[in-house]
>>> print(open('data-v8.txt').read())   # compact mmCIF, N, CA and C atoms
# COMPACT_ATOMS: atom_id res chain seq x y z
N MET A 1 85.56 -66.88 -55.25
CA MET A 1 84.53 -65.93 -54.86
C MET A 1 85.17 -64.54 -54.88
N ALA A 2 85.20 -63.95 -56.06
CA ALA A 2 85.88 -62.66 -56.22
C ALA A 2 85.07 -61.53 -55.62
N ASN A 3 83.75 -61.59 -55.70
CA ASN A 3 82.90 -60.54 -55.15
C ASN A 3 81.98 -61.13 -54.09
N PRO A 4 82.19 -60.82 -52.80
CA PRO A 4 81.24 -61.28 -51.80
C PRO A 4 79.86 -60.66 -52.05
N LYS A 5 78.79 -61.30 -51.54
CA LYS A 5 77.42 -60.87 -51.81
C LYS A 5 77.17 -59.42 -51.43
N HIS A 6 77.61 -59.00 -50.23
CA HIS A 6 77.25 -57.68 -49.74
C HIS A 6 78.08 -56.57 -50.38
N SER A 7 79.05 -56.86 -51.21
CA SER A 7 79.82 -55.80 -51.84
C SER A 7 79.76 -55.88 -53.36
N LEU A 8 78.60 -56.29 -53.88
CA LEU A 8 78.46 -56.43 -55.33
C LEU A 8 78.52 -55.09 -56.04
N SER A 9 78.24 -53.99 -55.31
CA SER A 9 78.27 -52.68 -55.95
C SER A 9 79.71 -52.20 -56.19
N ARG A 10 80.65 -52.85 -55.56
CA ARG A 10 82.05 -52.45 -55.71
C ARG A 10 82.81 -53.52 -56.47
N PRO A 11 83.63 -53.09 -57.42
CA PRO A 11 84.44 -54.10 -58.11
C PRO A 11 85.58 -54.56 -57.20
N ASP A 12 85.75 -55.86 -57.10
CA ASP A 12 86.84 -56.41 -56.31
C ASP A 12 88.02 -56.63 -57.25
N LEU A 13 89.04 -55.80 -57.10
CA LEU A 13 90.17 -55.85 -58.01
C LEU A 13 91.22 -56.87 -57.59
N ARG A 14 91.06 -57.43 -56.39
CA ARG A 14 92.05 -58.41 -55.92
C ARG A 14 91.78 -59.77 -56.54
N PRO A 15 92.83 -60.56 -56.72
CA PRO A 15 92.58 -61.93 -57.19
C PRO A 15 91.87 -62.73 -56.10
N ALA A 16 91.13 -63.73 -56.52
CA ALA A 16 90.38 -64.54 -55.56
C ALA A 16 91.34 -65.24 -54.62
N ALA A 17 91.01 -65.25 -53.33
CA ALA A 17 91.88 -65.86 -52.33
C ALA A 17 91.67 -67.36 -52.26
N GLY A 18 90.70 -67.87 -52.94
CA GLY A 18 90.40 -69.30 -52.89
C GLY A 18 89.12 -69.50 -52.12
N ALA A 19 88.14 -70.06 -52.77
CA ALA A 19 86.84 -70.23 -52.13
C ALA A 19 86.90 -71.28 -51.03
N ASN A 20 87.75 -72.26 -51.19
CA ASN A 20 87.83 -73.34 -50.22
C ASN A 20 89.29 -73.57 -49.85
N PRO A 21 89.88 -72.69 -49.03
CA PRO A 21 91.29 -72.88 -48.69
C PRO A 21 91.50 -74.15 -47.88
N GLU A 22 92.67 -74.68 -47.98
CA GLU A 22 92.97 -75.94 -47.29
C GLU A 22 93.14 -75.69 -45.80
N VAL A 23 92.55 -76.58 -45.01
CA VAL A 23 92.64 -76.49 -43.56
C VAL A 23 93.99 -77.09 -43.15
N PRO A 24 94.70 -76.49 -42.20
CA PRO A 24 95.98 -77.05 -41.77
C PRO A 24 95.83 -78.48 -41.25
N SER A 25 96.90 -79.24 -41.33
CA SER A 25 96.85 -80.65 -40.96
C SER A 25 96.51 -80.83 -39.48
N TRP A 26 96.93 -79.91 -38.63
CA TRP A 26 96.67 -80.06 -37.20
C TRP A 26 95.21 -79.81 -36.84
N ALA A 27 94.43 -79.27 -37.80
CA ALA A 27 93.02 -78.99 -37.51
C ALA A 27 92.08 -79.88 -38.30
N LYS A 28 92.60 -80.81 -39.10
CA LYS A 28 91.72 -81.62 -39.96
C LYS A 28 90.81 -82.55 -39.18
N ASP A 29 91.31 -83.10 -38.07
CA ASP A 29 90.51 -84.08 -37.33
C ASP A 29 89.48 -83.42 -36.42
N ASP A 30 89.63 -82.13 -36.17
CA ASP A 30 88.72 -81.42 -35.26
C ASP A 30 87.66 -80.71 -36.10
N TYR A 31 86.40 -81.19 -35.98
CA TYR A 31 85.31 -80.64 -36.79
C TYR A 31 85.08 -79.16 -36.48
N VAL A 32 85.03 -78.81 -35.18
CA VAL A 32 84.72 -77.43 -34.79
C VAL A 32 85.85 -76.50 -35.25
N LEU A 33 87.08 -76.90 -35.04
CA LEU A 33 88.21 -76.05 -35.38
C LEU A 33 88.35 -75.87 -36.89
N SER A 34 88.16 -76.95 -37.63
CA SER A 34 88.29 -76.83 -39.09
C SER A 34 87.17 -75.93 -39.64
N ARG A 35 85.95 -76.09 -39.10
CA ARG A 35 84.84 -75.25 -39.54
C ARG A 35 85.09 -73.78 -39.16
N TRP A 36 85.62 -73.56 -37.93
CA TRP A 36 85.89 -72.21 -37.47
C TRP A 36 86.95 -71.54 -38.33
N ILE A 37 87.98 -72.30 -38.72
CA ILE A 37 89.04 -71.73 -39.55
C ILE A 37 88.46 -71.27 -40.89
N LYS A 38 87.63 -72.09 -41.50
CA LYS A 38 87.02 -71.71 -42.79
C LYS A 38 86.15 -70.46 -42.62
N GLU A 39 85.35 -70.42 -41.56
CA GLU A 39 84.47 -69.26 -41.34
C GLU A 39 85.30 -68.00 -41.06
N GLU A 40 86.36 -68.17 -40.30
CA GLU A 40 87.20 -67.01 -39.97
C GLU A 40 87.88 -66.47 -41.22
N ARG A 41 88.35 -67.34 -42.08
CA ARG A 41 88.97 -66.87 -43.33
C ARG A 41 87.96 -66.15 -44.20
N ALA A 42 86.74 -66.70 -44.29
CA ALA A 42 85.71 -66.04 -45.09
C ALA A 42 85.35 -64.68 -44.49
N ARG A 43 85.27 -64.62 -43.16
CA ARG A 43 84.95 -63.36 -42.48
C ARG A 43 86.04 -62.31 -42.75
N ARG A 44 87.29 -62.73 -42.72
CA ARG A 44 88.39 -61.80 -43.00
C ARG A 44 88.38 -61.34 -44.45
N ARG A 45 88.07 -62.24 -45.37
CA ARG A 45 87.99 -61.84 -46.78
C ARG A 45 86.87 -60.81 -46.98
N ARG A 46 85.72 -61.05 -46.34
CA ARG A 46 84.62 -60.10 -46.46
C ARG A 46 85.00 -58.75 -45.86
N PHE A 47 85.69 -58.79 -44.71
CA PHE A 47 86.11 -57.55 -44.06
C PHE A 47 87.06 -56.77 -44.96
N LEU A 48 88.03 -57.44 -45.55
CA LEU A 48 88.98 -56.76 -46.43
C LEU A 48 88.29 -56.21 -47.67
N ALA A 49 87.32 -56.94 -48.19
CA ALA A 49 86.59 -56.45 -49.36
C ALA A 49 85.79 -55.20 -49.00
N ASP A 50 85.30 -55.14 -47.78
CA ASP A 50 84.54 -53.96 -47.36
C ASP A 50 85.42 -52.73 -47.20
N GLN A 51 86.71 -52.91 -47.00
CA GLN A 51 87.60 -51.77 -46.78
C GLN A 51 87.92 -51.02 -48.06
N VAL A 52 87.69 -51.62 -49.22
CA VAL A 52 87.98 -50.97 -50.49
C VAL A 52 86.84 -50.02 -50.82
N LEU A 53 87.14 -48.73 -50.95
CA LEU A 53 86.11 -47.74 -51.26
C LEU A 53 86.06 -47.50 -52.77
N ALA A 54 84.86 -47.37 -53.28
CA ALA A 54 84.70 -47.04 -54.69
C ALA A 54 85.08 -45.57 -54.89
N HIS A 55 85.35 -45.21 -56.15
CA HIS A 55 85.79 -43.83 -56.43
C HIS A 55 84.69 -42.82 -56.12
N ASP A 56 83.43 -43.24 -56.21
CA ASP A 56 82.33 -42.30 -55.96
C ASP A 56 81.75 -42.44 -54.56
N GLU A 57 82.33 -43.27 -53.73
CA GLU A 57 81.80 -43.46 -52.38
C GLU A 57 82.27 -42.30 -51.49
N PRO A 58 81.36 -41.73 -50.68
CA PRO A 58 81.75 -40.58 -49.86
C PRO A 58 82.76 -40.99 -48.79
N ARG A 59 83.71 -40.10 -48.56
CA ARG A 59 84.74 -40.34 -47.56
C ARG A 59 84.57 -39.31 -46.44
N PRO A 60 84.82 -39.72 -45.20
CA PRO A 60 84.70 -38.75 -44.10
C PRO A 60 85.80 -37.69 -44.23
N PRO A 61 85.53 -36.47 -43.80
CA PRO A 61 86.57 -35.43 -43.89
C PRO A 61 87.75 -35.77 -42.97
N LEU A 62 88.93 -35.41 -43.42
CA LEU A 62 90.13 -35.68 -42.62
C LEU A 62 90.17 -34.72 -41.44
N ARG A 63 90.39 -35.27 -40.26
CA ARG A 63 90.54 -34.45 -39.07
C ARG A 63 91.98 -34.52 -38.61
N PRO A 64 92.61 -33.39 -38.38
CA PRO A 64 93.99 -33.46 -37.89
C PRO A 64 94.03 -34.07 -36.49
N GLN A 65 95.00 -34.95 -36.27
CA GLN A 65 95.12 -35.61 -34.97
C GLN A 65 95.75 -34.64 -33.96
N LYS A 66 95.22 -34.63 -32.75
CA LYS A 66 95.76 -33.76 -31.71
C LYS A 66 97.00 -34.43 -31.11
N THR A 67 98.06 -33.65 -30.98
CA THR A 67 99.26 -34.17 -30.34
C THR A 67 99.11 -34.03 -28.83
N ILE A 68 100.04 -34.62 -28.10
CA ILE A 68 99.99 -34.54 -26.64
C ILE A 68 100.18 -33.09 -26.19
N GLY A 69 100.99 -32.33 -26.95
CA GLY A 69 101.18 -30.91 -26.62
C GLY A 69 99.90 -30.12 -26.78
N ASP A 70 99.13 -30.44 -27.83
CA ASP A 70 97.84 -29.76 -28.03
C ASP A 70 96.87 -30.08 -26.90
N ARG A 71 96.90 -31.32 -26.43
CA ARG A 71 95.98 -31.70 -25.35
C ARG A 71 96.34 -31.01 -24.04
N ILE A 72 97.64 -30.83 -23.81
CA ILE A 72 98.07 -30.22 -22.55
C ILE A 72 97.90 -28.71 -22.61
N PHE A 73 98.44 -28.08 -23.67
CA PHE A 73 98.48 -26.62 -23.73
C PHE A 73 97.28 -26.01 -24.46
N GLY A 74 96.43 -26.84 -25.09
CA GLY A 74 95.27 -26.31 -25.80
C GLY A 74 94.34 -25.49 -24.92
N PRO A 75 93.93 -26.01 -23.73
CA PRO A 75 93.06 -25.22 -22.86
C PRO A 75 93.72 -23.92 -22.40
N ILE A 76 95.03 -23.95 -22.14
CA ILE A 76 95.73 -22.74 -21.72
C ILE A 76 95.73 -21.72 -22.86
N ARG A 77 96.02 -22.21 -24.07
CA ARG A 77 96.05 -21.33 -25.24
C ARG A 77 94.67 -20.73 -25.48
N ASN A 78 93.62 -21.54 -25.33
CA ASN A 78 92.26 -21.03 -25.53
C ASN A 78 91.88 -19.99 -24.47
N ALA A 79 92.42 -20.15 -23.24
CA ALA A 79 92.11 -19.19 -22.19
C ALA A 79 92.74 -17.83 -22.50
N PHE A 80 93.91 -17.83 -23.16
CA PHE A 80 94.60 -16.58 -23.44
C PHE A 80 94.24 -15.98 -24.80
N LYS A 81 93.40 -16.66 -25.59
CA LYS A 81 93.04 -16.14 -26.91
C LYS A 81 92.37 -14.77 -26.87
N PRO A 82 91.41 -14.51 -25.96
CA PRO A 82 90.81 -13.16 -25.93
C PRO A 82 91.83 -12.07 -25.62
N LEU A 83 92.74 -12.34 -24.68
CA LEU A 83 93.76 -11.36 -24.33
C LEU A 83 94.72 -11.15 -25.50
N ASP A 84 95.04 -12.23 -26.20
CA ASP A 84 95.93 -12.12 -27.36
C ASP A 84 95.26 -11.32 -28.47
N ALA A 85 93.95 -11.53 -28.66
CA ALA A 85 93.23 -10.77 -29.68
C ALA A 85 93.16 -9.29 -29.30
N ALA A 86 93.02 -9.02 -28.00
CA ALA A 86 92.95 -7.62 -27.54
C ALA A 86 94.28 -6.90 -27.72
N THR A 87 95.39 -7.63 -27.64
CA THR A 87 96.71 -7.01 -27.81
C THR A 87 97.19 -7.09 -29.26
N GLY A 88 96.34 -7.51 -30.16
CA GLY A 88 96.71 -7.58 -31.58
C GLY A 88 97.71 -8.67 -31.88
N GLY A 89 97.67 -9.76 -31.12
CA GLY A 89 98.57 -10.88 -31.38
C GLY A 89 99.95 -10.71 -30.77
N ARG A 90 100.16 -9.65 -30.01
CA ARG A 90 101.49 -9.42 -29.44
C ARG A 90 101.81 -10.38 -28.31
N LEU A 91 100.79 -10.87 -27.61
CA LEU A 91 101.02 -11.78 -26.50
C LEU A 91 101.64 -13.08 -26.99
N PHE A 92 101.04 -13.68 -28.00
CA PHE A 92 101.54 -14.93 -28.55
C PHE A 92 102.91 -14.73 -29.19
N HIS A 93 103.07 -13.61 -29.90
CA HIS A 93 104.34 -13.28 -30.53
C HIS A 93 105.43 -13.14 -29.48
N GLY A 94 105.13 -12.46 -28.37
CA GLY A 94 106.10 -12.30 -27.29
C GLY A 94 106.46 -13.62 -26.63
N TRP A 95 105.46 -14.51 -26.48
CA TRP A 95 105.71 -15.82 -25.89
C TRP A 95 106.66 -16.62 -26.77
N LEU A 96 106.47 -16.57 -28.08
CA LEU A 96 107.35 -17.32 -28.99
C LEU A 96 108.79 -16.82 -28.86
N HIS A 97 108.98 -15.49 -28.81
CA HIS A 97 110.34 -14.96 -28.70
C HIS A 97 110.95 -15.28 -27.33
N THR A 98 110.15 -15.24 -26.27
CA THR A 98 110.65 -15.58 -24.95
C THR A 98 111.07 -17.05 -24.90
N LYS A 99 110.26 -17.90 -25.50
CA LYS A 99 110.57 -19.32 -25.52
C LYS A 99 111.88 -19.58 -26.28
N LYS A 100 112.05 -18.89 -27.41
CA LYS A 100 113.27 -19.05 -28.19
C LYS A 100 114.48 -18.57 -27.40
N TYR A 101 114.34 -17.45 -26.68
CA TYR A 101 115.42 -16.91 -25.87
C TYR A 101 115.79 -17.89 -24.75
N LEU A 102 114.78 -18.48 -24.11
CA LEU A 102 115.04 -19.44 -23.04
C LEU A 102 115.76 -20.68 -23.57
N ILE A 103 115.26 -21.22 -24.68
CA ILE A 103 115.80 -22.47 -25.21
C ILE A 103 117.21 -22.28 -25.75
N LEU A 104 117.46 -21.17 -26.43
CA LEU A 104 118.75 -20.99 -27.09
C LEU A 104 119.81 -20.37 -26.20
N LEU A 105 119.41 -19.63 -25.16
CA LEU A 105 120.42 -18.90 -24.40
C LEU A 105 120.42 -19.24 -22.91
N VAL A 106 119.30 -19.08 -22.24
CA VAL A 106 119.28 -19.18 -20.78
C VAL A 106 119.53 -20.61 -20.30
N ILE A 107 118.80 -21.58 -20.84
CA ILE A 107 118.94 -22.97 -20.38
C ILE A 107 120.34 -23.52 -20.67
N PRO A 108 120.91 -23.34 -21.89
CA PRO A 108 122.29 -23.83 -22.10
C PRO A 108 123.31 -23.13 -21.20
N ALA A 109 123.15 -21.82 -20.97
CA ALA A 109 124.11 -21.11 -20.11
C ALA A 109 124.03 -21.62 -18.68
N TRP A 110 122.83 -21.82 -18.17
CA TRP A 110 122.68 -22.32 -16.80
C TRP A 110 123.22 -23.74 -16.69
N THR A 111 122.94 -24.58 -17.68
CA THR A 111 123.43 -25.97 -17.66
C THR A 111 124.96 -26.00 -17.67
N THR A 112 125.57 -25.17 -18.52
CA THR A 112 127.02 -25.11 -18.58
C THR A 112 127.59 -24.65 -17.23
N HIS A 113 127.01 -23.63 -16.66
CA HIS A 113 127.45 -23.12 -15.35
C HIS A 113 127.35 -24.21 -14.29
N TYR A 114 126.25 -24.94 -14.26
CA TYR A 114 126.03 -25.99 -13.27
C TYR A 114 127.06 -27.11 -13.41
N VAL A 115 127.26 -27.57 -14.64
CA VAL A 115 128.19 -28.68 -14.87
C VAL A 115 129.60 -28.26 -14.49
N VAL A 116 130.02 -27.08 -14.90
CA VAL A 116 131.37 -26.63 -14.57
C VAL A 116 131.53 -26.46 -13.07
N LYS A 117 130.56 -25.85 -12.43
CA LYS A 117 130.69 -25.56 -11.00
C LYS A 117 130.71 -26.82 -10.15
N TYR A 118 129.85 -27.79 -10.45
CA TYR A 118 129.70 -28.94 -9.56
C TYR A 118 130.34 -30.23 -10.06
N HIS A 119 130.75 -30.30 -11.31
CA HIS A 119 131.30 -31.55 -11.83
C HIS A 119 132.70 -31.41 -12.41
N VAL A 120 132.99 -30.30 -13.06
CA VAL A 120 134.31 -30.13 -13.67
C VAL A 120 135.30 -29.62 -12.65
N ALA A 121 134.94 -28.57 -11.95
CA ALA A 121 135.84 -27.96 -10.98
C ALA A 121 135.67 -28.63 -9.63
N THR A 122 136.25 -29.83 -9.49
CA THR A 122 136.06 -30.57 -8.25
C THR A 122 137.12 -30.24 -7.20
N GLN A 123 138.25 -29.62 -7.60
CA GLN A 123 139.27 -29.29 -6.61
C GLN A 123 138.80 -28.11 -5.77
N PRO A 124 139.20 -28.05 -4.53
CA PRO A 124 138.78 -26.91 -3.70
C PRO A 124 139.35 -25.61 -4.23
N ASN A 125 138.60 -24.57 -4.08
CA ASN A 125 138.95 -23.23 -4.55
C ASN A 125 139.11 -23.17 -6.07
N GLY A 126 138.53 -24.11 -6.78
CA GLY A 126 138.61 -24.09 -8.24
C GLY A 126 137.83 -22.93 -8.82
N ILE A 127 136.66 -22.71 -8.28
CA ILE A 127 135.86 -21.56 -8.68
C ILE A 127 135.66 -20.72 -7.44
N VAL A 128 136.02 -19.46 -7.52
CA VAL A 128 135.92 -18.57 -6.37
C VAL A 128 134.49 -18.07 -6.30
N THR A 129 133.80 -18.44 -5.24
CA THR A 129 132.42 -17.98 -5.06
C THR A 129 132.35 -16.86 -4.03
N GLN A 130 133.43 -16.70 -3.25
CA GLN A 130 133.42 -15.66 -2.22
C GLN A 130 134.88 -15.24 -2.02
N ASN A 131 135.10 -13.95 -1.92
CA ASN A 131 136.46 -13.46 -1.69
C ASN A 131 136.91 -13.82 -0.28
N LYS A 132 138.21 -14.13 -0.16
CA LYS A 132 138.76 -14.45 1.15
C LYS A 132 138.84 -13.17 1.97
N PRO A 133 138.62 -13.28 3.25
CA PRO A 133 138.69 -12.07 4.08
C PRO A 133 140.13 -11.55 4.14
N VAL A 134 140.24 -10.25 4.09
CA VAL A 134 141.55 -9.61 4.18
C VAL A 134 141.71 -9.08 5.59
N TYR A 135 142.78 -9.52 6.29
CA TYR A 135 143.03 -9.08 7.66
C TYR A 135 144.13 -8.03 7.64
N GLN A 136 143.90 -6.97 8.35
CA GLN A 136 144.89 -5.90 8.46
C GLN A 136 146.03 -6.37 9.37
N VAL A 137 147.22 -6.16 8.92
CA VAL A 137 148.38 -6.50 9.74
C VAL A 137 148.76 -5.25 10.53
N LYS A 138 148.81 -5.38 11.83
CA LYS A 138 149.16 -4.24 12.67
C LYS A 138 150.68 -4.12 12.74
N HIS A 139 151.15 -2.94 12.49
CA HIS A 139 152.57 -2.68 12.60
C HIS A 139 152.86 -2.06 13.96
N ASP A 140 153.92 -2.50 14.59
CA ASP A 140 154.27 -1.87 15.88
C ASP A 140 155.09 -0.61 15.65
N GLU A 141 155.24 0.12 16.64
CA GLU A 141 155.88 1.43 16.54
C GLU A 141 157.34 1.34 16.10
N GLY A 142 158.00 0.29 16.42
CA GLY A 142 159.41 0.17 16.13
C GLY A 142 159.71 -0.26 14.70
N GLY A 143 158.74 -0.46 13.94
CA GLY A 143 158.94 -0.88 12.56
C GLY A 143 159.05 -2.39 12.40
N HIS A 144 158.95 -3.11 13.54
CA HIS A 144 158.98 -4.58 13.44
C HIS A 144 157.55 -5.11 13.41
N HIS A 145 157.40 -6.18 12.74
CA HIS A 145 156.06 -6.79 12.78
C HIS A 145 156.10 -8.24 13.07
>>> encode(input="data-v8.txt", output="structure tokens")
Amino acid sequence: MANPKHSLSRPDLRPAAGANPEVPSWAKDDYVLSRWIKEERARRRRFLADQVLAHDEPRPPLRPQKTIGDRIFGPIRNAFKPLDAATGGRLFHGWLHTKKYLILLVIPAWTTHYVVKYHVATQPNGIVTQNKPVYQVKHDEGGHH
């Protein structure tokens, strides 16, 4: 059965899968199961035949899929669009440069500082965070101290 009834307008280029495929041995004695297997195979063949589109059949337009970032930041971006248009696109341009500055400079510098301060320099007084107090030594009149 190369062409199912409902898809006669489309040429079926696949080889026939077999009109009467063999039922597995474990299902031969069960009338309901053997009949269900045959029906299910025929249903799947019809479904696959329906998926093949003819060259002249209309196709739906492709819609770009929204990423999780678009779903989260899309409403925020849309809220700032009028302000960005009023500033001639400088708002969005400034945000991109700020983001690049944060990612390339500020976050790595802070991370390095944190790791060195709290994990690398574990000995006391390894990193001086506060100068030690300087106490004046009083000299006595006789030149002895």
>>> atom_distance(input="data-v8.txt", atom1="CA of Arg77 in chain A", atom2="atom C of Pro60 in chain A")
27.1 Å
>>> atom_distance(input="data-v8.txt", atom1="atom N of Arg41 in chain A", atom2="atom N of His55 in chain A")
26.4 Å
>>> atom_distance(input="data-v8.txt", atom1="atom N of Trp26 in chain A", atom2="atom N of Arg44 in chain A")
20.1 Å
>>> select_by_dssp(input="data-v8.txt", residues="range 60-126 of chain A", states="alpha helix (DSSP H)", output="JSON, numbers by chain")
{"A": [68, 69, 70, 71, 72, 73, 74, 75, 76, 77, 78, 79, 80, 81, 82, 83, 84, 85, 86, 90, 91, 92, 93, 94, 95, 96, 97, 98, 99, 100, 101, 107, 108, 109, 110, 111, 112, 113, 114, 115]}
>>> write_last_selection(input="data-v8.txt", atoms="N, CA and C atoms", output="short mmCIF file (atom, residue, chain, number, x, y, z; two decimals), in the coordinates of the input")
data_model
loop_
_atom_site.label_atom_id
_atom_site.label_comp_id
_atom_site.auth_asym_id
_atom_site.auth_seq_id
_atom_site.Cartn_x
_atom_site.Cartn_y
_atom_site.Cartn_z
N ILE A 68 100.04 -34.62 -28.10
CA ILE A 68 99.99 -34.54 -26.64
C ILE A 68 100.18 -33.09 -26.19
N GLY A 69 100.99 -32.33 -26.95
CA GLY A 69 101.18 -30.91 -26.62
C GLY A 69 99.90 -30.12 -26.78
N ASP A 70 99.13 -30.44 -27.83
CA ASP A 70 97.84 -29.76 -28.03
C ASP A 70 96.87 -30.08 -26.90
N ARG A 71 96.90 -31.32 -26.43
CA ARG A 71 95.98 -31.70 -25.35
C ARG A 71 96.34 -31.01 -24.04
N ILE A 72 97.64 -30.83 -23.81
CA ILE A 72 98.07 -30.22 -22.55
C ILE A 72 97.90 -28.71 -22.61
N PHE A 73 98.44 -28.08 -23.67
CA PHE A 73 98.48 -26.62 -23.73
C PHE A 73 97.28 -26.01 -24.46
N GLY A 74 96.43 -26.84 -25.09
CA GLY A 74 95.27 -26.31 -25.80
C GLY A 74 94.34 -25.49 -24.92
N PRO A 75 93.93 -26.01 -23.73
CA PRO A 75 93.06 -25.22 -22.86
C PRO A 75 93.72 -23.92 -22.40
N ILE A 76 95.03 -23.95 -22.14
CA ILE A 76 95.73 -22.74 -21.72
C ILE A 76 95.73 -21.72 -22.86
N ARG A 77 96.02 -22.21 -24.07
CA ARG A 77 96.05 -21.33 -25.24
C ARG A 77 94.67 -20.73 -25.48
N ASN A 78 93.62 -21.54 -25.33
CA ASN A 78 92.26 -21.03 -25.53
C ASN A 78 91.88 -19.99 -24.47
N ALA A 79 92.42 -20.15 -23.24
CA ALA A 79 92.11 -19.19 -22.19
C ALA A 79 92.74 -17.83 -22.50
N PHE A 80 93.91 -17.83 -23.16
CA PHE A 80 94.60 -16.58 -23.44
C PHE A 80 94.24 -15.98 -24.80
N LYS A 81 93.40 -16.66 -25.59
CA LYS A 81 93.04 -16.14 -26.91
C LYS A 81 92.37 -14.77 -26.87
N PRO A 82 91.41 -14.51 -25.96
CA PRO A 82 90.81 -13.16 -25.93
C PRO A 82 91.83 -12.07 -25.62
N LEU A 83 92.74 -12.34 -24.68
CA LEU A 83 93.76 -11.36 -24.33
C LEU A 83 94.72 -11.15 -25.50
N ASP A 84 95.04 -12.23 -26.20
CA ASP A 84 95.93 -12.12 -27.36
C ASP A 84 95.26 -11.32 -28.47
N ALA A 85 93.95 -11.53 -28.66
CA ALA A 85 93.23 -10.77 -29.68
C ALA A 85 93.16 -9.29 -29.30
N ALA A 86 93.02 -9.02 -28.00
CA ALA A 86 92.95 -7.62 -27.54
C ALA A 86 94.28 -6.90 -27.72
N ARG A 90 100.16 -9.65 -30.01
CA ARG A 90 101.49 -9.42 -29.44
C ARG A 90 101.81 -10.38 -28.31
N LEU A 91 100.79 -10.87 -27.61
CA LEU A 91 101.02 -11.78 -26.50
C LEU A 91 101.64 -13.08 -26.99
N PHE A 92 101.04 -13.68 -28.00
CA PHE A 92 101.54 -14.93 -28.55
C PHE A 92 102.91 -14.73 -29.19
N HIS A 93 103.07 -13.61 -29.90
CA HIS A 93 104.34 -13.28 -30.53
C HIS A 93 105.43 -13.14 -29.48
N GLY A 94 105.13 -12.46 -28.37
CA GLY A 94 106.10 -12.30 -27.29
C GLY A 94 106.46 -13.62 -26.63
N TRP A 95 105.46 -14.51 -26.48
CA TRP A 95 105.71 -15.82 -25.89
C TRP A 95 106.66 -16.62 -26.77
N LEU A 96 106.47 -16.57 -28.08
CA LEU A 96 107.35 -17.32 -28.99
C LEU A 96 108.79 -16.82 -28.86
N HIS A 97 108.98 -15.49 -28.81
CA HIS A 97 110.34 -14.96 -28.70
C HIS A 97 110.95 -15.28 -27.33
N THR A 98 110.15 -15.24 -26.27
CA THR A 98 110.65 -15.58 -24.95
C THR A 98 111.07 -17.05 -24.90
N LYS A 99 110.26 -17.90 -25.50
CA LYS A 99 110.57 -19.32 -25.52
C LYS A 99 111.88 -19.58 -26.28
N LYS A 100 112.05 -18.89 -27.41
CA LYS A 100 113.27 -19.05 -28.19
C LYS A 100 114.48 -18.57 -27.40
N TYR A 101 114.34 -17.45 -26.68
CA TYR A 101 115.42 -16.91 -25.87
C TYR A 101 115.79 -17.89 -24.75
N ILE A 107 118.80 -21.58 -20.84
CA ILE A 107 118.94 -22.97 -20.38
C ILE A 107 120.34 -23.52 -20.67
N PRO A 108 120.91 -23.34 -21.89
CA PRO A 108 122.29 -23.83 -22.10
C PRO A 108 123.31 -23.13 -21.20
N ALA A 109 123.15 -21.82 -20.97
CA ALA A 109 124.11 -21.11 -20.11
C ALA A 109 124.03 -21.62 -18.68
N TRP A 110 122.83 -21.82 -18.17
CA TRP A 110 122.68 -22.32 -16.80
C TRP A 110 123.22 -23.74 -16.69
N THR A 111 122.94 -24.58 -17.68
CA THR A 111 123.43 -25.97 -17.66
C THR A 111 124.96 -26.00 -17.67
N THR A 112 125.57 -25.17 -18.52
CA THR A 112 127.02 -25.11 -18.58
C THR A 112 127.59 -24.65 -17.23
N HIS A 113 127.01 -23.63 -16.66
CA HIS A 113 127.45 -23.12 -15.35
C HIS A 113 127.35 -24.21 -14.29
N TYR A 114 126.25 -24.94 -14.26
CA TYR A 114 126.03 -25.99 -13.27
C TYR A 114 127.06 -27.11 -13.41
N VAL A 115 127.26 -27.57 -14.64
CA VAL A 115 128.19 -28.68 -14.87
C VAL A 115 129.60 -28.26 -14.49
#
